[in-house]
$ cat structure.cif   # mmCIF, C-alpha atoms and all ligand atoms
data_model
#
loop_
_atom_site.group_PDB
_atom_site.id
_atom_site.type_symbol
_atom_site.label_atom_id
_atom_site.label_comp_id
_atom_site.auth_asym_id
_atom_site.auth_seq_id
_atom_site.Cartn_x
_atom_site.Cartn_y
_atom_site.Cartn_z
ATOM 1 C CA MET H 847 -26.871 -0.368 10.013
ATOM 2 C CA ALA H 848 -23.862 -0.153 7.695
ATOM 3 C CA SER H 849 -21.772 -3.309 7.338
ATOM 4 C CA PRO H 850 -18.641 -3.258 9.516
ATOM 5 C CA TYR H 851 -16.741 -4.485 6.468
ATOM 6 C CA ALA H 852 -17.973 -1.871 3.975
ATOM 7 C CA ASP H 853 -14.889 0.357 4.005
ATOM 8 C CA THR H 854 -12.459 -2.565 3.687
ATOM 9 C CA ARG H 855 -14.545 -4.110 0.905
ATOM 10 C CA TYR H 856 -14.434 -0.828 -0.974
ATOM 11 C CA GLU H 857 -10.656 -0.578 -0.525
ATOM 12 C CA VAL H 858 -10.141 -4.118 -1.860
ATOM 13 C CA ALA H 859 -12.349 -3.427 -4.882
ATOM 14 C CA VAL H 860 -10.369 -0.273 -5.686
ATOM 15 C CA GLY H 861 -7.097 -2.190 -5.229
ATOM 16 C CA SER H 862 -8.311 -4.849 -7.669
ATOM 17 C CA HIS H 863 -8.946 -2.194 -10.324
ATOM 18 C CA MET H 864 -5.509 -0.725 -9.673
ATOM 19 C CA LEU H 865 -3.912 -4.068 -10.584
ATOM 20 C CA VAL H 866 -5.861 -3.943 -13.843
ATOM 21 C CA ASP H 867 -4.768 -0.341 -14.469
ATOM 22 C CA PHE H 868 -1.136 -1.439 -14.234
ATOM 23 C CA GLY H 869 -1.578 -4.416 -16.546
ATOM 24 C CA LEU H 870 -1.072 -6.964 -13.778
ATOM 25 C CA ALA H 871 -4.471 -8.634 -14.220
ATOM 26 C CA ILE H 872 -5.512 -8.320 -17.865
ATOM 27 C CA GLY H 873 -5.954 -10.597 -20.884
ATOM 28 C CA VAL H 874 -5.370 -14.245 -20.029
ATOM 29 C CA ARG H 875 -4.777 -13.149 -16.428
ATOM 30 C CA ALA H 876 -7.968 -11.083 -16.144
ATOM 31 C CA SER H 877 -9.421 -13.244 -13.368
ATOM 32 C CA LEU H 878 -6.126 -14.154 -11.713
ATOM 33 C CA GLY H 879 -4.751 -12.342 -8.691
ATOM 34 C CA HIS H 880 -6.138 -10.686 -5.619
ATOM 35 C CA VAL H 881 -5.653 -7.911 -3.108
ATOM 36 C CA SER H 882 -6.511 -8.622 0.518
ATOM 37 C CA VAL H 883 -6.800 -6.149 3.380
ATOM 38 C CA ARG H 884 -7.093 -6.998 7.078
ATOM 39 C CA VAL H 885 -10.248 -5.594 8.691
ATOM 40 C CA PRO H 886 -9.261 -2.679 10.962
ATOM 41 C CA GLY H 887 -10.022 -3.510 14.594
ATOM 42 C CA GLU H 888 -10.686 -7.169 13.714
ATOM 43 C CA PRO H 889 -7.210 -8.594 13.030
ATOM 44 C CA ASP H 890 -8.542 -12.141 12.659
ATOM 45 C CA LYS H 891 -10.496 -11.197 9.532
ATOM 46 C CA PHE H 892 -9.608 -9.961 6.056
ATOM 47 C CA VAL H 893 -11.360 -9.094 2.788
ATOM 48 C CA VAL H 894 -10.352 -10.662 -0.538
ATOM 49 C CA LYS H 895 -11.677 -11.420 -4.015
ATOM 50 C CA GLY H 896 -13.986 -14.417 -4.294
ATOM 51 C CA ARG H 897 -14.790 -17.019 -6.978
ATOM 52 C CA GLY H 898 -18.035 -17.966 -8.699
ATOM 53 C CA TYR H 899 -19.092 -14.719 -10.391
ATOM 54 C CA ARG H 900 -20.790 -14.807 -13.762
ATOM 55 C CA LEU H 901 -18.171 -12.299 -14.964
ATOM 56 C CA ASP H 902 -15.029 -13.200 -13.062
ATOM 57 C CA THR H 903 -12.375 -10.554 -13.673
ATOM 58 C CA LEU H 904 -10.657 -8.058 -11.417
ATOM 59 C CA ALA H 905 -11.898 -5.295 -13.702
ATOM 60 C CA ARG H 906 -15.474 -6.242 -12.743
ATOM 61 C CA MET H 907 -14.943 -6.266 -8.980
ATOM 62 C CA ARG H 908 -17.347 -4.226 -6.897
ATOM 63 C CA ALA H 909 -17.177 -3.736 -3.146
ATOM 64 C CA GLU H 910 -20.233 -5.947 -2.575
ATOM 65 C CA ASP H 911 -18.618 -8.786 -4.567
ATOM 66 C CA THR H 912 -15.745 -9.274 -2.138
ATOM 67 C CA VAL H 913 -15.504 -11.993 0.507
ATOM 68 C CA VAL H 914 -14.698 -11.679 4.219
ATOM 69 C CA CYS H 915 -12.578 -14.553 5.585
ATOM 70 C CA ASN H 916 -10.987 -15.556 8.877
ATOM 71 C CA LEU H 917 -7.346 -16.566 9.320
ATOM 72 C CA GLU H 918 -8.168 -20.157 8.350
ATOM 73 C CA GLY H 919 -9.438 -18.931 4.978
ATOM 74 C CA GLU H 920 -13.028 -19.759 5.985
ATOM 75 C CA VAL H 921 -15.886 -17.520 4.875
ATOM 76 C CA VAL H 922 -17.241 -15.052 7.407
ATOM 77 C CA ASP H 923 -19.386 -13.127 4.944
ATOM 78 C CA SER H 924 -19.828 -13.452 1.176
ATOM 79 C CA PRO H 925 -22.371 -12.823 -1.584
ATOM 80 C CA PRO H 926 -24.654 -15.790 -2.490
ATOM 81 C CA ASN H 927 -22.889 -18.600 -4.387
ATOM 82 C CA ILE H 928 -19.476 -16.980 -4.009
ATOM 83 C CA VAL H 929 -16.547 -18.816 -2.399
ATOM 84 C CA PRO H 930 -13.070 -17.442 -1.545
ATOM 85 C CA CYS H 931 -10.495 -17.230 -4.336
ATOM 86 C CA PHE H 932 -8.681 -20.524 -4.940
ATOM 87 C CA GLU H 933 -5.453 -19.247 -3.352
ATOM 88 C CA VAL H 934 -7.014 -17.735 -0.229
ATOM 89 C CA LYS H 935 -4.403 -19.639 1.830
ATOM 90 C CA ILE H 936 -1.666 -17.322 0.516
ATOM 91 C CA HIS H 937 -3.472 -14.506 2.293
ATOM 92 C CA SER H 938 -4.703 -16.276 5.432
ATOM 93 C CA CYS H 939 -1.338 -17.911 6.171
ATOM 94 C CA ILE H 940 0.614 -14.656 5.737
ATOM 95 C CA PHE H 941 -1.866 -12.718 7.900
ATOM 96 C CA LYS H 942 -1.597 -15.449 10.539
ATOM 97 C CA ALA H 943 2.218 -15.480 10.518
ATOM 98 C CA ARG H 944 2.708 -11.708 10.279
ATOM 99 C CA PRO H 945 0.619 -9.552 12.664
ATOM 100 C CA ASP H 946 2.353 -6.471 11.197
ATOM 101 C CA VAL H 947 1.001 -7.162 7.695
ATOM 102 C CA MET H 948 -2.265 -5.386 6.881
ATOM 103 C CA ALA H 949 -2.452 -6.087 3.135
ATOM 104 C CA VAL H 950 -1.298 -8.808 0.738
ATOM 105 C CA VAL H 951 -1.190 -8.793 -3.071
ATOM 106 C CA HIS H 952 -0.819 -11.838 -5.294
ATOM 107 C CA VAL H 953 -0.744 -11.568 -9.093
ATOM 108 C CA HIS H 954 0.882 -13.316 -12.047
ATOM 109 C CA PRO H 955 3.126 -10.507 -13.350
ATOM 110 C CA LYS H 956 4.665 -11.272 -16.747
ATOM 111 C CA PHE H 957 8.297 -10.217 -16.345
ATOM 112 C CA ALA H 958 8.748 -11.165 -12.685
ATOM 113 C CA THR H 959 7.388 -14.641 -13.420
ATOM 114 C CA VAL H 960 9.827 -15.135 -16.305
ATOM 115 C CA MET H 961 12.680 -14.210 -13.938
ATOM 116 C CA SER H 962 11.409 -16.744 -11.392
ATOM 117 C CA VAL H 963 11.761 -19.563 -13.943
ATOM 118 C CA ILE H 964 15.119 -18.763 -15.519
ATOM 119 C CA GLY H 965 16.657 -18.097 -12.117
ATOM 120 C CA LYS H 966 17.713 -14.570 -13.034
ATOM 121 C CA PRO H 967 18.004 -12.425 -9.883
ATOM 122 C CA ILE H 968 16.041 -9.190 -10.252
ATOM 123 C CA ARG H 969 18.661 -6.451 -9.863
ATOM 124 C CA SER H 970 18.331 -2.770 -8.998
ATOM 125 C CA MET H 971 18.096 -0.832 -12.259
ATOM 126 C CA VAL H 972 16.026 2.292 -11.551
ATOM 127 C CA ASN H 973 15.089 4.418 -8.559
ATOM 128 C CA GLU H 974 11.496 3.231 -8.272
ATOM 129 C CA GLY H 975 11.417 0.292 -5.891
ATOM 130 C CA ASN H 976 15.187 -0.142 -5.816
ATOM 131 C CA ARG H 977 15.283 -1.108 -2.126
ATOM 132 C CA LEU H 978 12.779 -3.864 -2.821
ATOM 133 C CA VAL H 979 15.228 -5.746 -5.048
ATOM 134 C CA MET H 980 18.613 -4.799 -3.580
ATOM 135 C CA ASP H 981 18.723 -8.135 -1.713
ATOM 136 C CA PRO H 982 17.873 -11.530 -3.276
ATOM 137 C CA ILE H 983 14.128 -12.210 -3.441
ATOM 138 C CA PRO H 984 13.090 -15.680 -2.201
ATOM 139 C CA VAL H 985 11.548 -17.984 -4.827
ATOM 140 C CA TYR H 986 8.948 -20.597 -3.863
ATOM 141 C CA PRO H 987 10.216 -23.605 -5.830
ATOM 142 C CA LYS H 988 6.982 -25.464 -6.673
ATOM 143 C CA GLN H 989 5.051 -24.578 -9.832
ATOM 144 C CA LYS H 990 1.491 -24.944 -8.550
ATOM 145 C CA ILE H 991 -1.353 -22.865 -7.222
ATOM 146 C CA ILE H 992 -1.348 -22.467 -3.448
ATOM 147 C CA THR H 993 -4.483 -24.158 -2.162
ATOM 148 C CA THR H 994 -3.670 -26.137 0.984
ATOM 149 C CA ASP H 995 -2.832 -24.906 4.457
ATOM 150 C CA GLU H 996 0.548 -26.622 4.160
ATOM 151 C CA GLU H 997 1.383 -24.765 0.931
ATOM 152 C CA GLY H 998 0.188 -21.443 2.330
ATOM 153 C CA THR H 999 2.312 -21.963 5.427
ATOM 154 C CA GLU H 1000 5.345 -22.719 3.224
ATOM 155 C CA VAL H 1001 4.808 -19.507 1.264
ATOM 156 C CA ALA H 1002 4.462 -17.496 4.483
ATOM 157 C CA ARG H 1003 7.570 -19.145 5.961
ATOM 158 C CA LEU H 1004 9.652 -18.360 2.875
ATOM 159 C CA LEU H 1005 8.457 -14.749 2.936
ATOM 160 C CA GLY H 1006 9.690 -14.541 6.537
ATOM 161 C CA GLN H 1007 9.831 -10.926 7.676
ATOM 162 C CA GLY H 1008 10.250 -9.728 4.083
ATOM 163 C CA LYS H 1009 7.946 -7.808 1.752
ATOM 164 C CA VAL H 1010 8.184 -9.746 -1.495
ATOM 165 C CA GLU H 1011 8.388 -13.315 -2.776
ATOM 166 C CA LEU H 1012 8.341 -14.955 -6.202
ATOM 167 C CA LEU H 1013 6.465 -18.175 -6.965
ATOM 168 C CA ARG H 1014 8.303 -20.192 -9.637
ATOM 169 C CA GLY H 1015 6.508 -20.135 -12.974
ATOM 170 C CA HIS H 1016 3.441 -18.713 -11.275
ATOM 171 C CA GLY H 1017 3.654 -15.181 -9.919
ATOM 172 C CA ALA H 1018 4.578 -12.967 -7.024
ATOM 173 C CA VAL H 1019 3.401 -11.997 -3.547
ATOM 174 C CA THR H 1020 3.854 -8.722 -1.679
ATOM 175 C CA ALA H 1021 2.958 -8.003 1.940
ATOM 176 C CA GLY H 1022 2.709 -4.515 3.400
ATOM 177 C CA LYS H 1023 1.680 -2.415 6.360
ATOM 178 C CA ASN H 1024 -1.267 -1.166 4.249
ATOM 179 C CA MET H 1025 -2.721 -1.600 0.771
ATOM 180 C CA GLU H 1026 -0.686 1.308 -0.572
ATOM 181 C CA GLU H 1027 2.563 -0.428 0.338
ATOM 182 C CA ALA H 1028 1.570 -3.890 -0.896
ATOM 183 C CA VAL H 1029 0.164 -2.655 -4.229
ATOM 184 C CA THR H 1030 2.981 -0.162 -4.847
ATOM 185 C CA ASP H 1031 5.616 -2.802 -4.119
ATOM 186 C CA MET H 1032 3.998 -5.153 -6.649
ATOM 187 C CA ILE H 1033 3.954 -2.396 -9.270
ATOM 188 C CA HIS H 1034 7.609 -1.593 -8.553
ATOM 189 C CA LEU H 1035 8.618 -5.273 -8.579
ATOM 190 C CA GLU H 1036 7.179 -5.786 -12.050
ATOM 191 C CA HIS H 1037 8.673 -2.483 -13.251
ATOM 192 C CA HIS H 1038 12.073 -3.676 -12.088
ATOM 193 C CA ALA H 1039 11.655 -7.133 -13.629
ATOM 194 C CA GLU H 1040 10.829 -5.482 -16.966
ATOM 195 C CA MET H 1041 13.969 -3.319 -16.708
ATOM 196 C CA ASN H 1042 15.987 -6.479 -16.010
ATOM 197 C CA TYR H 1043 14.549 -8.088 -19.124
ATOM 198 C CA TYR H 1044 15.658 -5.136 -21.266
ATOM 199 C CA ALA H 1045 19.086 -5.226 -19.630
ATOM 200 C CA CYS H 1046 19.441 -8.940 -20.433
ATOM 201 C CA VAL H 1047 18.391 -8.383 -24.048
ATOM 202 C CA MET H 1048 20.859 -5.533 -24.500
ATOM 203 C CA ALA H 1049 23.789 -6.613 -22.349
ATOM 204 C CA GLY H 1050 23.369 -10.314 -21.551
ATOM 205 C CA MET H 1051 22.600 -12.144 -18.334
ATOM 206 C CA ASP H 1052 25.633 -10.672 -16.578
ATOM 207 C CA HIS H 1053 24.579 -7.076 -17.214
ATOM 208 C CA ASP H 1054 25.668 -4.265 -14.938
ATOM 209 C CA TYR H 1055 23.268 -3.099 -12.238
ATOM 210 C CA VAL H 1056 23.008 -0.544 -9.436
ATOM 211 C CA SER H 1057 24.893 -1.853 -6.426
ATOM 212 C CA ARG H 1058 23.410 -2.263 -2.970
ATOM 213 C CA GLU H 1059 25.686 0.528 -1.743
ATOM 214 C CA GLN H 1060 24.400 2.890 -4.446
ATOM 215 C CA VAL H 1061 20.792 2.001 -3.618
ATOM 216 C CA LEU H 1062 21.378 2.822 0.042
ATOM 217 C CA GLU H 1063 23.186 6.028 -0.887
ATOM 218 C CA PHE H 1064 20.195 7.048 -3.011
ATOM 219 C CA SER H 1065 17.592 6.211 -0.385
ATOM 220 C CA ASN H 1066 19.562 7.984 2.343
ATOM 221 C CA SER H 1067 19.742 11.138 0.238
ATOM 222 C CA SER H 1068 16.128 11.287 -0.926
ATOM 223 C CA GLY H 1069 13.434 12.971 1.122
ATOM 224 C CA SER H 1070 15.605 15.822 2.360
ATOM 225 C CA GLN H 1071 14.961 18.196 -0.545
ATOM 226 C CA TYR H 1072 13.059 20.648 1.611
ATOM 227 C CA ASP H 1073 16.191 21.287 3.682
ATOM 228 C CA LEU H 1074 17.962 22.737 0.628
ATOM 229 C CA PRO H 1075 18.266 26.559 0.466
ATOM 230 C CA HIS H 1076 16.217 27.039 -2.713
ATOM 231 C CA PHE H 1077 13.379 24.905 -1.356
ATOM 232 C CA LYS H 1078 13.493 26.735 1.983
ATOM 233 C CA GLN H 1079 13.092 29.951 0.004
ATOM 234 C CA ALA H 1080 10.170 28.485 -1.946
ATOM 235 C CA ILE H 1081 8.425 27.232 1.196
ATOM 236 C CA ALA H 1082 8.936 30.578 2.929
ATOM 237 C CA LYS H 1083 7.259 32.254 -0.043
ATOM 238 C CA ALA H 1084 4.557 29.712 -1.030
ATOM 239 C CA GLY H 1085 4.035 27.614 2.078
ATOM 240 C CA MET H 1086 4.632 23.890 2.605
ATOM 241 C CA PRO H 1087 3.217 21.605 -0.141
ATOM 242 C CA GLN H 1088 -0.018 20.004 1.032
ATOM 243 C CA TYR H 1089 0.147 16.856 -1.103
ATOM 244 C CA GLY H 1090 3.016 14.563 -1.851
ATOM 245 C CA GLY H 1091 2.374 11.383 -3.736
ATOM 246 C CA VAL H 1092 0.945 9.731 -6.790
ATOM 247 C CA TRP H 1093 -0.949 7.116 -4.742
ATOM 248 C CA GLN H 1094 -4.050 9.275 -4.401
ATOM 249 C CA ALA H 1095 -4.219 9.736 -8.180
ATOM 250 C CA TRP H 1096 -3.897 5.988 -8.779
ATOM 251 C CA PHE H 1097 -6.569 5.381 -6.148
ATOM 252 C CA GLU H 1098 -9.009 7.932 -7.563
ATOM 253 C CA ASP H 1099 -8.525 6.684 -11.137
ATOM 254 C CA ALA H 1100 -9.297 3.120 -10.010
ATOM 255 C CA ALA H 1101 -12.145 4.183 -7.693
ATOM 256 C CA ALA H 1102 -13.922 5.824 -10.628
ATOM 257 C CA LYS H 1103 -14.499 2.297 -11.990
ATOM 258 C CA VAL H 1104 -15.760 0.664 -8.767
HETATM 259 ZN ZN ZN N 1201 -1.740 -17.457 -8.432
#

$ encode --input "structure.cif" --output "structure tokens" --more "lines below"
Ligand SMILES: [Zn+2]
Amino acid sequence: MASPYADTRYEVAVGSHMLVDFGLAIGVRASLGHVSVRVPGEPDKFVVKGRGYRLDTLARMRAEDTVVCNLEGEVVDSPPNIVPCFEVKIHSCIFKARPDVMAVVHVHPKFATVMSVIGKPIRSMVNEGNRLVMDPIPVYPKQKIITTDEEGTEVARLLGQGKVELLRGHGAVTAGKNMEEAVTDMIHLEHHAEMNYYACVMAGMDHDYVSREQVLEFSNSSGSQYDLPHFKQAIAKAGMPQYGGVWQAWFEDAAAKV
């Protein structure tokens, strides 16, 4: 009989490779960071990267290497000699506090982590992910890895009902309604932090940025292209587009390595 966790394990392995593809877990950070996904139909369990592999990098993750945990961060199912990742409490405490969250990502992104230390708010600079940063992002003030239940609970409490959190001098956390949202938000967060770095270099710490009002104006206007006359004409002639996003391409590129 197939394992009830097989599909989720596969998804987590693909998500791990996606973080590598985007440079979020490479070089000195090759073994640092993890995607977790809640097991569908079993909300008290989730799948995450483990620790104890001979070759311990996200780029080496396979579905069968992942670990199934409960909401206390205890192992439900794992390969021999493999324990949960050191910071499993980030995941278990957020899943426990947020029944709406189905996936969590934690990595040590270069630019976002620099911003967390110098206290520079990450401002809206480009369209991609602009809603994510239009309000201040909470920063967990301690510079340490999150290992205890108390620390995990603090991280979850600071996240509140939000989607993103920075950990001072350490990294970032995103929480989403599925892996697509959590991974994409992390990619967008780091993209924005990099744009903020360039803005600081070119225009100083008080550089201009896209206002909250402009972000909302943009997001309210996007998505309605197909109501425009020239698109109505195109759809009448060619039919409605069947595919919409880049996520599937990212997923397939990463899945080819799992
Ligand atoms: Zn970490």

$ resolve_selection --input "structure.cif" --expression "the PyMOL selection byres (((chain H and resi 940-951) around 8) and not hetatm)" --output "PyMOL selection string"
chain H and resi 879-884+889-890+917+936-939+952-953+998-999+1001-1003+1007+1019-1025+1028-1029+1032

$ resolve_selection --input "structure.cif" --expression "the PyMOL selection byres (((chain H and resi 1064) around 12) and not hetatm)" --output "MDAnalysis selection string"
chainID H and resid 970 972:977 980 1056:1063 1065:1070

$ closest_atom_pairs --input "structure.cif" --of "chain H" --to "ligand ZN 1201 (chain N)" --cutoff "10 Å" --atoms "all atoms listed in the file" --output "Markdown table"
| residue | atom | partner | partner_atom | distance |
| --- | --- | --- | --- | --- |
| H:Arg875 | CA | N:ZN1201 | ZN | 9.6 |
| H:Leu878 | CA | N:ZN1201 | ZN | 6.4 |
| H:Gly879 | CA | N:ZN1201 | ZN | 5.9 |
| H:His880 | CA | N:ZN1201 | ZN | 8.5 |
| H:Cys931 | CA | N:ZN1201 | ZN | 9.7 |
| H:Phe932 | CA | N:ZN1201 | ZN | 8.4 |
| H:Glu933 | CA | N:ZN1201 | ZN | 6.5 |
| H:Val934 | CA | N:ZN1201 | ZN | 9.8 |
| H:Ile936 | CA | N:ZN1201 | ZN | 8.9 |
| H:His952 | CA | N:ZN1201 | ZN | 6.5 |
| H:Val953 | CA | N:ZN1201 | ZN | 6.0 |
| H:His954 | CA | N:ZN1201 | ZN | 6.1 |
| H:Pro955 | CA | N:ZN1201 | ZN | 9.8 |
| H:Gln989 | CA | N:ZN1201 | ZN | 9.9 |
| H:Lys990 | CA | N:ZN1201 | ZN | 8.2 |
| H:Ile991 | CA | N:ZN1201 | ZN | 5.6 |
| H:Ile992 | CA | N:ZN1201 | ZN | 7.1 |
| H:Thr993 | CA | N:ZN1201 | ZN | 9.6 |
| H:Leu1013 | CA | N:ZN1201 | ZN | 8.4 |
| H:Gly1015 | CA | N:ZN1201 | ZN | 9.8 |
| H:His1016 | CA | N:ZN1201 | ZN | 6.0 |
| H:Gly1017 | CA | N:ZN1201 | ZN | 6.0 |
| H:Ala1018 | CA | N:ZN1201 | ZN | 7.9 |
| H:Val1019 | CA | N:ZN1201 | ZN | 9.0 |

$ resolve_selection --input "structure.cif" --expression "the PyMOL selection byres (((chain H and resi 896-908) around 10) and not hetatm)" --output "PyMOL selection string"
chain H and resi 855-867+870-873+875-881+893-895+909-915+921+924-934+1100-1101+1103-1104

$ atom_distance --input "structure.cif" --atom1 "CA of Val985 in chain H" --atom2 "CA of Gly965 in chain H"
8.9 Å

$ atom_distance --input "structure.cif" --atom1 "CA of Phe1097 in chain H" --atom2 "CA of Ala852 in chain H"
16.9 Å

$ closest_residue --input "structure.cif" --among "H:Tyr1044, H:Tyr1089, H:Phe892, H:Tyr1055" --to "Val979 in chain H" --atoms "only C-alpha atoms"
H:Tyr1055

$ atom_distance --input "structure.cif" --atom1 "CA of Ser962 in chain H" --atom2 "CA of Glu1011 in chain H"
9.8 Å
